[in-house]
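Next comes input_8.cif, with mmCIF, C-alpha atoms.
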data_coords
loop_
_atom_site.group_PDB
_atom_site.id
_atom_site.type_symbol
_atom_site.label_atom_id
_atom_site.label_comp_id
_atom_site.auth_asym_id
_atom_site.auth_seq_id
_atom_site.Cartn_x
_atom_site.Cartn_y
_atom_site.Cartn_z
ATOM 1 C CA MET H 10 15.519 -6.109 -7.973
ATOM 2 C CA ARG H 11 14.908 -8.075 -4.824
ATOM 3 C CA ILE H 12 11.845 -10.312 -5.043
ATOM 4 C CA VAL H 13 10.394 -11.709 -1.801
ATOM 5 C CA ILE H 14 8.032 -14.648 -2.326
ATOM 6 C CA THR H 15 5.976 -16.269 0.432
ATOM 7 C CA GLY H 16 5.059 -19.923 0.216
ATOM 8 C CA ALA H 17 8.123 -20.054 -2.007
ATOM 9 C CA THR H 18 9.015 -23.728 -1.710
ATOM 10 C CA GLY H 19 5.690 -24.973 -3.131
ATOM 11 C CA GLY H 20 4.612 -25.384 -6.728
ATOM 12 C CA ILE H 21 3.550 -21.836 -7.621
ATOM 13 C CA GLY H 22 5.949 -20.059 -5.267
ATOM 14 C CA TYR H 23 9.020 -21.948 -6.431
ATOM 15 C CA ALA H 24 8.094 -21.456 -10.089
ATOM 16 C CA VAL H 25 7.807 -17.709 -9.489
ATOM 17 C CA ALA H 26 11.137 -17.647 -7.633
ATOM 18 C CA GLU H 27 12.944 -19.580 -10.338
ATOM 19 C CA HIS H 28 11.478 -17.413 -13.107
ATOM 20 C CA PHE H 29 12.581 -14.143 -11.492
ATOM 21 C CA ALA H 30 15.994 -15.573 -10.600
ATOM 22 C CA ARG H 31 16.549 -16.531 -14.237
ATOM 23 C CA GLU H 32 15.812 -12.902 -15.128
ATOM 24 C CA SER H 33 18.835 -11.936 -12.977
ATOM 25 C CA HIS H 34 16.913 -10.742 -9.921
ATOM 26 C CA GLN H 35 17.681 -11.674 -6.335
ATOM 27 C CA VAL H 36 14.946 -13.913 -4.969
ATOM 28 C CA VAL H 37 14.177 -14.439 -1.297
ATOM 29 C CA LEU H 38 12.331 -17.676 -0.610
ATOM 30 C CA ALA H 39 10.118 -17.224 2.454
ATOM 31 C CA ASP H 40 8.399 -20.263 3.895
ATOM 32 C CA LEU H 41 7.834 -22.252 7.078
ATOM 33 C CA LEU H 42 10.160 -25.266 6.829
ATOM 34 C CA PRO H 43 13.899 -24.515 7.164
ATOM 35 C CA GLU H 44 14.995 -27.782 5.543
ATOM 36 C CA ARG H 45 12.815 -27.247 2.493
ATOM 37 C CA ILE H 46 13.983 -23.630 2.157
ATOM 38 C CA GLU H 47 17.617 -24.735 2.271
ATOM 39 C CA GLN H 48 17.000 -27.356 -0.418
ATOM 40 C CA CYS H 49 15.275 -24.916 -2.762
ATOM 41 C CA VAL H 50 17.854 -22.167 -2.241
ATOM 42 C CA ALA H 51 20.680 -24.649 -2.842
ATOM 43 C CA THR H 52 19.052 -25.842 -6.069
ATOM 44 C CA LEU H 53 18.847 -22.281 -7.383
ATOM 45 C CA ARG H 54 22.395 -21.427 -6.323
ATOM 46 C CA GLN H 55 23.724 -24.536 -8.055
ATOM 47 C CA GLN H 56 22.409 -22.981 -11.264
ATOM 48 C CA GLY H 57 24.326 -19.796 -10.553
ATOM 49 C CA LEU H 58 21.219 -17.892 -9.483
ATOM 50 C CA ASP H 59 20.988 -15.300 -6.713
ATOM 51 C CA ALA H 60 18.783 -16.775 -3.980
ATOM 52 C CA GLU H 61 18.334 -16.309 -0.258
ATOM 53 C CA GLY H 62 15.988 -17.996 2.208
ATOM 54 C CA VAL H 63 14.088 -16.878 5.272
ATOM 55 C CA VAL H 64 11.841 -18.772 7.663
ATOM 56 C CA LEU H 65 8.578 -16.847 7.748
ATOM 57 C CA ASP H 66 5.242 -17.508 9.411
ATOM 58 C CA VAL H 67 2.916 -14.951 7.821
ATOM 59 C CA THR H 68 0.646 -15.110 10.880
ATOM 60 C CA ASN H 69 3.456 -13.966 13.197
ATOM 61 C CA ALA H 70 3.950 -10.202 13.561
ATOM 62 C CA ASP H 71 7.537 -10.460 14.814
ATOM 63 C CA ALA H 72 8.538 -12.733 11.934
ATOM 64 C CA ILE H 73 6.981 -10.320 9.441
ATOM 65 C CA ALA H 74 8.865 -7.377 10.948
ATOM 66 C CA ARG H 75 12.189 -9.274 10.794
ATOM 67 C CA CYS H 76 11.610 -10.277 7.188
ATOM 68 C CA ALA H 77 10.865 -6.693 6.136
ATOM 69 C CA LYS H 78 13.948 -5.432 7.999
ATOM 70 C CA ASP H 79 16.352 -8.063 6.688
ATOM 71 C CA PHE H 80 14.955 -8.328 3.159
ATOM 72 C CA PRO H 81 13.268 -5.067 2.085
ATOM 73 C CA ALA H 82 11.482 -5.962 -1.119
ATOM 74 C CA ASP H 83 11.237 -4.208 -4.458
ATOM 75 C CA VAL H 84 8.671 -6.833 -5.361
ATOM 76 C CA LEU H 85 6.534 -8.759 -2.865
ATOM 77 C CA VAL H 86 4.681 -11.855 -4.024
ATOM 78 C CA ASN H 87 2.036 -12.910 -1.496
ATOM 79 C CA ASN H 88 1.612 -16.562 -2.350
ATOM 80 C CA ALA H 89 1.412 -18.525 0.923
ATOM 81 C CA GLY H 90 -1.790 -20.535 1.126
ATOM 82 C CA ILE H 91 -3.536 -23.401 2.858
ATOM 83 C CA GLN H 92 -6.860 -25.121 2.356
ATOM 84 C CA HIS H 93 -9.509 -26.936 4.352
ATOM 85 C CA ILE H 94 -12.584 -28.548 2.822
ATOM 86 C CA ALA H 95 -15.751 -28.855 4.912
ATOM 87 C CA ARG H 96 -19.339 -27.722 5.196
ATOM 88 C CA LEU H 97 -19.572 -24.580 7.287
ATOM 89 C CA GLU H 98 -21.357 -26.386 10.118
ATOM 90 C CA ASP H 99 -18.474 -28.887 10.250
ATOM 91 C CA PHE H 100 -15.713 -26.296 9.799
ATOM 92 C CA PRO H 101 -13.543 -25.949 12.934
ATOM 93 C CA ALA H 102 -13.571 -22.310 13.997
ATOM 94 C CA GLU H 103 -9.832 -22.235 14.610
ATOM 95 C CA LYS H 104 -9.180 -23.628 11.123
ATOM 96 C CA TRP H 105 -11.500 -21.025 9.568
ATOM 97 C CA ARG H 106 -9.608 -18.244 11.329
ATOM 98 C CA LEU H 107 -6.238 -19.727 10.314
ATOM 99 C CA LEU H 108 -7.114 -19.676 6.622
ATOM 100 C CA LEU H 109 -8.043 -15.991 6.887
ATOM 101 C CA GLU H 110 -4.850 -15.263 8.832
ATOM 102 C CA VAL H 111 -2.624 -16.939 6.249
ATOM 103 C CA MET H 112 -4.311 -15.731 3.050
ATOM 104 C CA LEU H 113 -5.738 -12.313 3.942
ATOM 105 C CA THR H 114 -4.332 -10.876 7.164
ATOM 106 C CA GLY H 115 -0.843 -12.207 6.406
ATOM 107 C CA PRO H 116 -0.569 -10.524 2.983
ATOM 108 C CA ALA H 117 -1.967 -7.316 4.462
ATOM 109 C CA MET H 118 0.524 -7.215 7.328
ATOM 110 C CA LEU H 119 3.503 -8.178 5.184
ATOM 111 C CA SER H 120 2.537 -5.545 2.609
ATOM 112 C CA LYS H 121 2.211 -3.031 5.441
ATOM 113 C CA ALA H 122 5.726 -3.874 6.613
ATOM 114 C CA MET H 123 7.235 -3.606 3.116
ATOM 115 C CA LEU H 124 5.424 -0.457 1.971
ATOM 116 C CA PRO H 125 7.501 2.177 3.829
ATOM 117 C CA GLY H 126 10.658 1.048 2.025
ATOM 118 C CA MET H 127 8.869 0.983 -1.304
ATOM 119 C CA GLN H 128 7.534 4.473 -0.693
ATOM 120 C CA GLN H 129 10.991 5.744 0.238
ATOM 121 C CA ARG H 130 12.480 4.290 -2.958
ATOM 122 C CA ASN H 131 9.459 5.451 -4.979
ATOM 123 C CA PHE H 132 9.098 1.993 -6.472
ATOM 124 C CA GLY H 133 7.317 -1.192 -5.528
ATOM 125 C CA ARG H 134 5.321 -4.047 -6.941
ATOM 126 C CA ILE H 135 3.002 -6.199 -4.846
ATOM 127 C CA ILE H 136 1.557 -9.264 -6.513
ATOM 128 C CA ASN H 137 -1.049 -11.323 -4.720
ATOM 129 C CA ILE H 138 -1.655 -14.871 -5.862
ATOM 130 C CA GLY H 139 -5.407 -15.152 -5.714
ATOM 131 C CA SER H 140 -7.561 -17.848 -7.251
ATOM 132 C CA ILE H 141 -10.560 -18.405 -9.445
ATOM 133 C CA HIS H 142 -12.261 -18.549 -6.060
ATOM 134 C CA ALA H 143 -11.587 -14.847 -5.631
ATOM 135 C CA LEU H 144 -14.282 -14.456 -8.300
ATOM 136 C CA VAL H 145 -16.603 -17.441 -7.986
ATOM 137 C CA ALA H 146 -17.574 -19.855 -5.230
ATOM 138 C CA SER H 147 -17.516 -23.592 -4.699
ATOM 139 C CA PRO H 148 -19.168 -25.610 -1.936
ATOM 140 C CA PHE H 149 -17.191 -26.571 1.187
ATOM 141 C CA LYS H 150 -14.612 -23.757 0.788
ATOM 142 C CA SER H 151 -16.161 -20.904 2.778
ATOM 143 C CA ALA H 152 -12.927 -19.745 4.434
ATOM 144 C CA TYR H 153 -10.795 -20.025 1.308
ATOM 145 C CA VAL H 154 -13.350 -18.232 -0.862
ATOM 146 C CA ALA H 155 -13.817 -15.504 1.745
ATOM 147 C CA ALA H 156 -10.053 -14.938 2.017
ATOM 148 C CA LYS H 157 -9.482 -14.806 -1.729
ATOM 149 C CA HIS H 158 -12.438 -12.486 -2.332
ATOM 150 C CA GLY H 159 -11.081 -10.247 0.407
ATOM 151 C CA LEU H 160 -7.650 -10.188 -1.218
ATOM 152 C CA ILE H 161 -9.034 -8.441 -4.293
ATOM 153 C CA GLY H 162 -10.725 -5.746 -2.222
ATOM 154 C CA PHE H 163 -7.574 -5.281 -0.166
ATOM 155 C CA SER H 164 -5.482 -4.898 -3.322
ATOM 156 C CA LYS H 165 -7.720 -2.193 -4.723
ATOM 157 C CA VAL H 166 -7.550 -0.118 -1.555
ATOM 158 C CA VAL H 167 -3.756 -0.367 -1.247
ATOM 159 C CA ALA H 168 -3.368 0.505 -4.934
ATOM 160 C CA LEU H 169 -5.351 3.703 -4.433
ATOM 161 C CA GLU H 170 -3.412 4.619 -1.302
ATOM 162 C CA ASN H 171 -0.037 4.236 -3.052
ATOM 163 C CA ALA H 172 -0.697 5.379 -6.612
ATOM 164 C CA SER H 173 1.502 8.463 -6.179
ATOM 165 C CA HIS H 174 4.543 6.391 -5.174
ATOM 166 C CA ASN H 175 5.023 4.309 -8.334
ATOM 167 C CA ILE H 176 3.751 1.301 -6.410
ATOM 168 C CA THR H 177 1.354 -1.106 -8.056
ATOM 169 C CA ILE H 178 -0.580 -3.974 -6.514
ATOM 170 C CA ASN H 179 -2.406 -6.587 -8.544
ATOM 171 C CA THR H 180 -3.904 -10.036 -8.047
ATOM 172 C CA ILE H 181 -3.322 -13.051 -10.289
ATOM 173 C CA CYS H 182 -6.300 -15.399 -10.226
ATOM 174 C CA PRO H 183 -5.705 -18.806 -11.818
ATOM 175 C CA ALA H 184 -8.167 -21.621 -12.146
ATOM 176 C CA TYR H 185 -6.986 -24.950 -10.749
ATOM 177 C CA VAL H 186 -3.213 -25.460 -10.794
ATOM 178 C CA LYS H 187 -1.854 -28.979 -10.334
ATOM 179 C CA THR H 188 0.075 -28.366 -7.116
ATOM 180 C CA PRO H 189 0.347 -30.430 -3.905
ATOM 181 C CA LEU H 190 -2.348 -28.193 -2.380
ATOM 182 C CA VAL H 191 -4.769 -29.044 -5.194
ATOM 183 C CA GLU H 192 -3.852 -32.727 -4.991
ATOM 184 C CA GLN H 193 -4.971 -32.608 -1.354
ATOM 185 C CA GLN H 194 -8.202 -30.880 -2.395
ATOM 186 C CA ILE H 195 -8.915 -33.614 -4.934
ATOM 187 C CA ALA H 196 -8.641 -36.281 -2.241
ATOM 188 C CA ALA H 197 -10.716 -34.257 0.249
ATOM 189 C CA GLN H 198 -13.485 -33.534 -2.249
ATOM 190 C CA ALA H 199 -13.597 -37.173 -3.343
ATOM 191 C CA LYS H 200 -14.250 -38.085 0.282
ATOM 192 C CA GLU H 201 -16.783 -35.280 0.812
ATOM 193 C CA HIS H 202 -18.773 -36.112 -2.339
ATOM 194 C CA GLY H 203 -18.341 -39.887 -2.190
ATOM 195 C CA ILE H 204 -16.824 -40.094 -5.701
ATOM 196 C CA SER H 205 -13.469 -41.023 -7.218
ATOM 197 C CA GLU H 206 -10.602 -38.563 -7.512
ATOM 198 C CA GLN H 207 -10.827 -38.676 -11.320
ATOM 199 C CA GLN H 208 -14.508 -37.778 -11.063
ATOM 200 C CA VAL H 209 -13.562 -34.797 -8.900
ATOM 201 C CA ILE H 210 -11.201 -33.612 -11.651
ATOM 202 C CA ASP H 211 -13.665 -34.192 -14.491
ATOM 203 C CA THR H 212 -16.990 -33.210 -12.935
ATOM 204 C CA ILE H 213 -16.013 -30.585 -10.365
ATOM 205 C CA MET H 214 -12.653 -28.984 -11.033
ATOM 206 C CA LEU H 215 -12.486 -28.821 -14.809
ATOM 207 C CA ALA H 216 -16.206 -28.974 -15.610
ATOM 208 C CA PRO H 217 -16.734 -25.166 -15.557
ATOM 209 C CA MET H 218 -13.605 -24.511 -17.628
ATOM 210 C CA PRO H 219 -14.131 -24.482 -21.409
ATOM 211 C CA GLN H 220 -10.467 -25.297 -22.099
ATOM 212 C CA LYS H 221 -10.587 -28.319 -19.716
ATOM 213 C CA ALA H 222 -7.017 -27.997 -18.494
ATOM 214 C CA PHE H 223 -5.078 -27.226 -15.359
ATOM 215 C CA ILE H 224 -3.136 -23.956 -15.344
ATOM 216 C CA ASP H 225 0.632 -24.440 -15.455
ATOM 217 C CA VAL H 226 2.798 -22.824 -12.778
ATOM 218 C CA ALA H 227 4.969 -21.344 -15.545
ATOM 219 C CA GLU H 228 1.985 -19.291 -16.748
ATOM 220 C CA ILE H 229 1.595 -17.754 -13.309
ATOM 221 C CA ALA H 230 5.310 -17.021 -13.005
ATOM 222 C CA ALA H 231 5.386 -15.309 -16.404
ATOM 223 C CA SER H 232 2.285 -13.287 -15.503
ATOM 224 C CA ALA H 233 3.964 -12.101 -12.301
ATOM 225 C CA ALA H 234 7.055 -11.072 -14.250
ATOM 226 C CA PHE H 235 4.918 -9.122 -16.722
ATOM 227 C CA LEU H 236 3.248 -7.204 -13.893
ATOM 228 C CA CYS H 237 6.726 -6.106 -12.764
ATOM 229 C CA SER H 238 7.780 -4.950 -16.222
ATOM 230 C CA ASP H 239 7.837 -1.381 -17.459
ATOM 231 C CA ALA H 240 5.040 -2.274 -19.863
ATOM 232 C CA ALA H 241 2.764 -2.889 -16.843
ATOM 233 C CA ARG H 242 3.695 0.241 -14.878
ATOM 234 C CA HIS H 243 0.155 1.631 -15.154
ATOM 235 C CA ILE H 244 -1.573 -1.650 -14.392
ATOM 236 C CA THR H 245 -2.682 -1.472 -10.762
ATOM 237 C CA ALA H 246 -5.684 -2.516 -8.674
ATOM 238 C CA GLN H 247 -6.407 -5.123 -11.342
ATOM 239 C CA THR H 248 -7.215 -8.815 -11.375
ATOM 240 C CA LEU H 249 -5.413 -10.913 -13.982
ATOM 241 C CA VAL H 250 -7.529 -14.010 -14.530
ATOM 242 C CA LEU H 251 -6.052 -17.219 -15.958
ATOM 243 C CA ASP H 252 -9.170 -19.365 -16.092
ATOM 244 C CA GLY H 253 -9.492 -20.902 -19.551
ATOM 245 C CA GLY H 254 -12.796 -19.079 -20.071
ATOM 246 C CA TRP H 255 -14.417 -20.141 -16.761
ATOM 247 C CA THR H 256 -15.783 -16.714 -15.821
ATOM 248 C CA ALA H 257 -17.069 -15.998 -19.344
ATOM 249 C CA ARG H 258 -20.114 -18.173 -18.666
#
Structure rendered as structure tokens:
Amino acid sequence: MRIVITGATGGIGYAVAEHFARESHQVVLADLLPERIEQCVATLRQQGLDAEGVVLDVTNADAIARCAKDFPADVLVNNAGIQHIARLEDFPAEKWRLLLEVMLTGPAMLSKAMLPGMQQRNFGRIINIGSIHALVASPFKSAYVAAKHGLIGFSKVVALENASHNITINTICPAYVKTPLVEQQIAAQAKEHGISEQQVIDTIMLAPMPQKAFIDVAEIAASAAFLCSDAARHITAQTLVLDGGWTAR
């Protein structure tokens, strides 16, 4: 199968790409920075894995159309994400809109572009990388929380619209994953709350989680692979939550 992954050069995206490549699939690493894409693709190819790269801005309609034409996907992993931490009254409007464009409109438009091919082949898997914040809220993250909540609703609608085509769409929602994006959040929240970065980890990020641990990128990659397996063929419109018991409270 051909697996197209957005945000594929970062922590979660690269882990997903490497996992699928090791299962003998072709992976297409879609991201913004050409140099980083080349590095990641070269690393995979050096291991004898089948990898391609494409520069993709998920907010650009022309780039989305080219990606879908050049790399029609059997599996699409919508993973690209950004973050901005601020109170709503201090949140720049253009930044708020950008977060929604990248994490909600982008996945919708890329899915839209890939769906005709999936329908024609009568097979497709769309996996959205959500977040614990698709289910719960935290202060200072209004745009991020809104986008991730919207992703779940979007997934349910698309699943219903494509149930007759052997196409499934699901959302993986992990609690905090130790990625560069989260590292930036730790620093931003320390500044916003006036506390140390370790206090952010202990009293904000991991406090609601009974298991008190960050989710590993390998867990997310393996979950994505499971959702593409024959055993998961009737799992659609669902939210797979990796939260260490957070939402049980």
In Å, rounded to a single decimal, give me how far atom CA of Pro81 of chain H is from atom CA of Ala156 of chain H.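 Computing it gives 25.3 Å between the two atoms.
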For segment 116-131 of chain H, find every residue with an atom within 6 Å (counting all atoms listed in the file), except residues of its own chain fewer than 2 positions away, and show them as JSON, numbers by chain. {"H": [73, 77, 87, 113, 114, 133, 174, 175]}
Give the answer as one residue: which of H:Ala26, H:Val186, H:Ile210, H:Ile141 has the shortest atom-to-atom distance to Asp252 of chain H, using only C-alpha atoms? H:Ile141
For Gly159 of chain H, work out the shell of residues within 12 Å, counting only C-alpha atoms and skipping chain neighbours fewer than 6 positions away, then give it as a list in words.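 Residues near the query, excluding close chain neighbours: Leu108, Leu109, Glu110, Met112, Leu113, Thr114, Pro116, Ala117, Asn137, Gly139, Ser140, His142, Ala143, Leu144, Ala152, Tyr153, Lys165, Val166 and Thr180 of chain H.
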Quick one: of H:Ile91, H:Ala222, H:Val86, H:Cys182, who's nearest to Arg106 of chain H, counting only C-alpha atoms?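 That would be H:Ile91, the residue with the smallest distance to Arg106 of chain H.
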Kindly resolve the PyMOL selection byres ((chain H and resi 27) around 12) on the present coordinates and return the residues as JSON, numbers by chain. {"H": [12, 13, 14, 17, 18, 19, 20, 21, 22, 23, 24, 25, 26, 28, 29, 30, 31, 32, 33, 34, 35, 36, 37, 38, 49, 50, 51, 52, 53, 54, 56, 57, 58, 59, 60, 61, 226, 227, 229, 230, 231, 233, 234]}
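What the PyMOL selection byres ((chain H and resi 202) around 12) matches in the given file is H:Ile94, H:Ala95, H:Arg96, H:Pro148, H:Phe149, H:Gln194, H:Ile195, H:Ala196, H:Ala197, H:Gln198, H:Ala199, H:Lys200, H:Glu201, H:Gly203, H:Ile204, H:Ser205, H:Glu206, H:Gln208, H:Val209, H:Thr212, H:Ile213.
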Can you tell me how far atom CA of Ala184 of chain H sits from atom CA of Asp83 of chain H, in Å to one decimal?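 Straight-line distance from atom CA of Ala184 of chain H to atom CA of Asp83 of chain H works out to 27.2 Å.
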The PyMOL selection byres ((chain H and resi 64-71) around 8) applied to the shown file, residues as a list in words: Thr15, Ala39, Asp40, Leu41, Leu42, Pro43, Ile46, Gly62, Val63, Ala72, Ile73, Ala74, Arg75, Cys76, Ala89, Glu110, Val111, Thr114, Gly115, Pro116, Met118 and Leu119 of chain H
Between H:Trp105, H:Phe132, H:Phe235, H:Trp255, which is the closest to Lys221 of chain H once you count only C-alpha atoms? H:Trp255
Selection: 12 Å around Ala257 of chain H, all atoms listed in the file, excl. self and same-chain fewer than 5 positions, as a list in words: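 In the requested format, the answer is Leu144, Val145, Pro217, Met218, Pro219, Gln220, Val250, Leu251 and Asp252 of chain H.
Compared by their closest atoms to Tyr185 of chain H, and using all atoms listed in the file, the residues H:Ile161, H:Ala172, H:Ala216, H:Ala155 rank with H:Ala216 nearest.
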Interatomic distance (Å, one decimal) between atom CA of Ile138 of chain H and atom CA of Ala240 of chain H: 20.0 Å
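With all atoms listed in the file as the atoms that count, the residue of H:Ala146, H:Ile136, H:Ser151, H:Gln247 with the shortest distance to Asp99 of chain H is H:Ser151.
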Exercise on segment 139-154 of chain H, axis-aligned box with 6 Å per side, report centre and edge lengths in Å to one decimal, as AutoDock Vina command-line options:
--center_x -12.3 --center_y -20.5 --center_z -2.5 --size_x 25.8 --size_y 24.1 --size_z 25.9
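Counting only C-alpha atoms, the residue from H:Gln207, H:Ser232, H:Gln92, H:Thr245 that sits nearest to Ile176 of chain H is H:Thr245.
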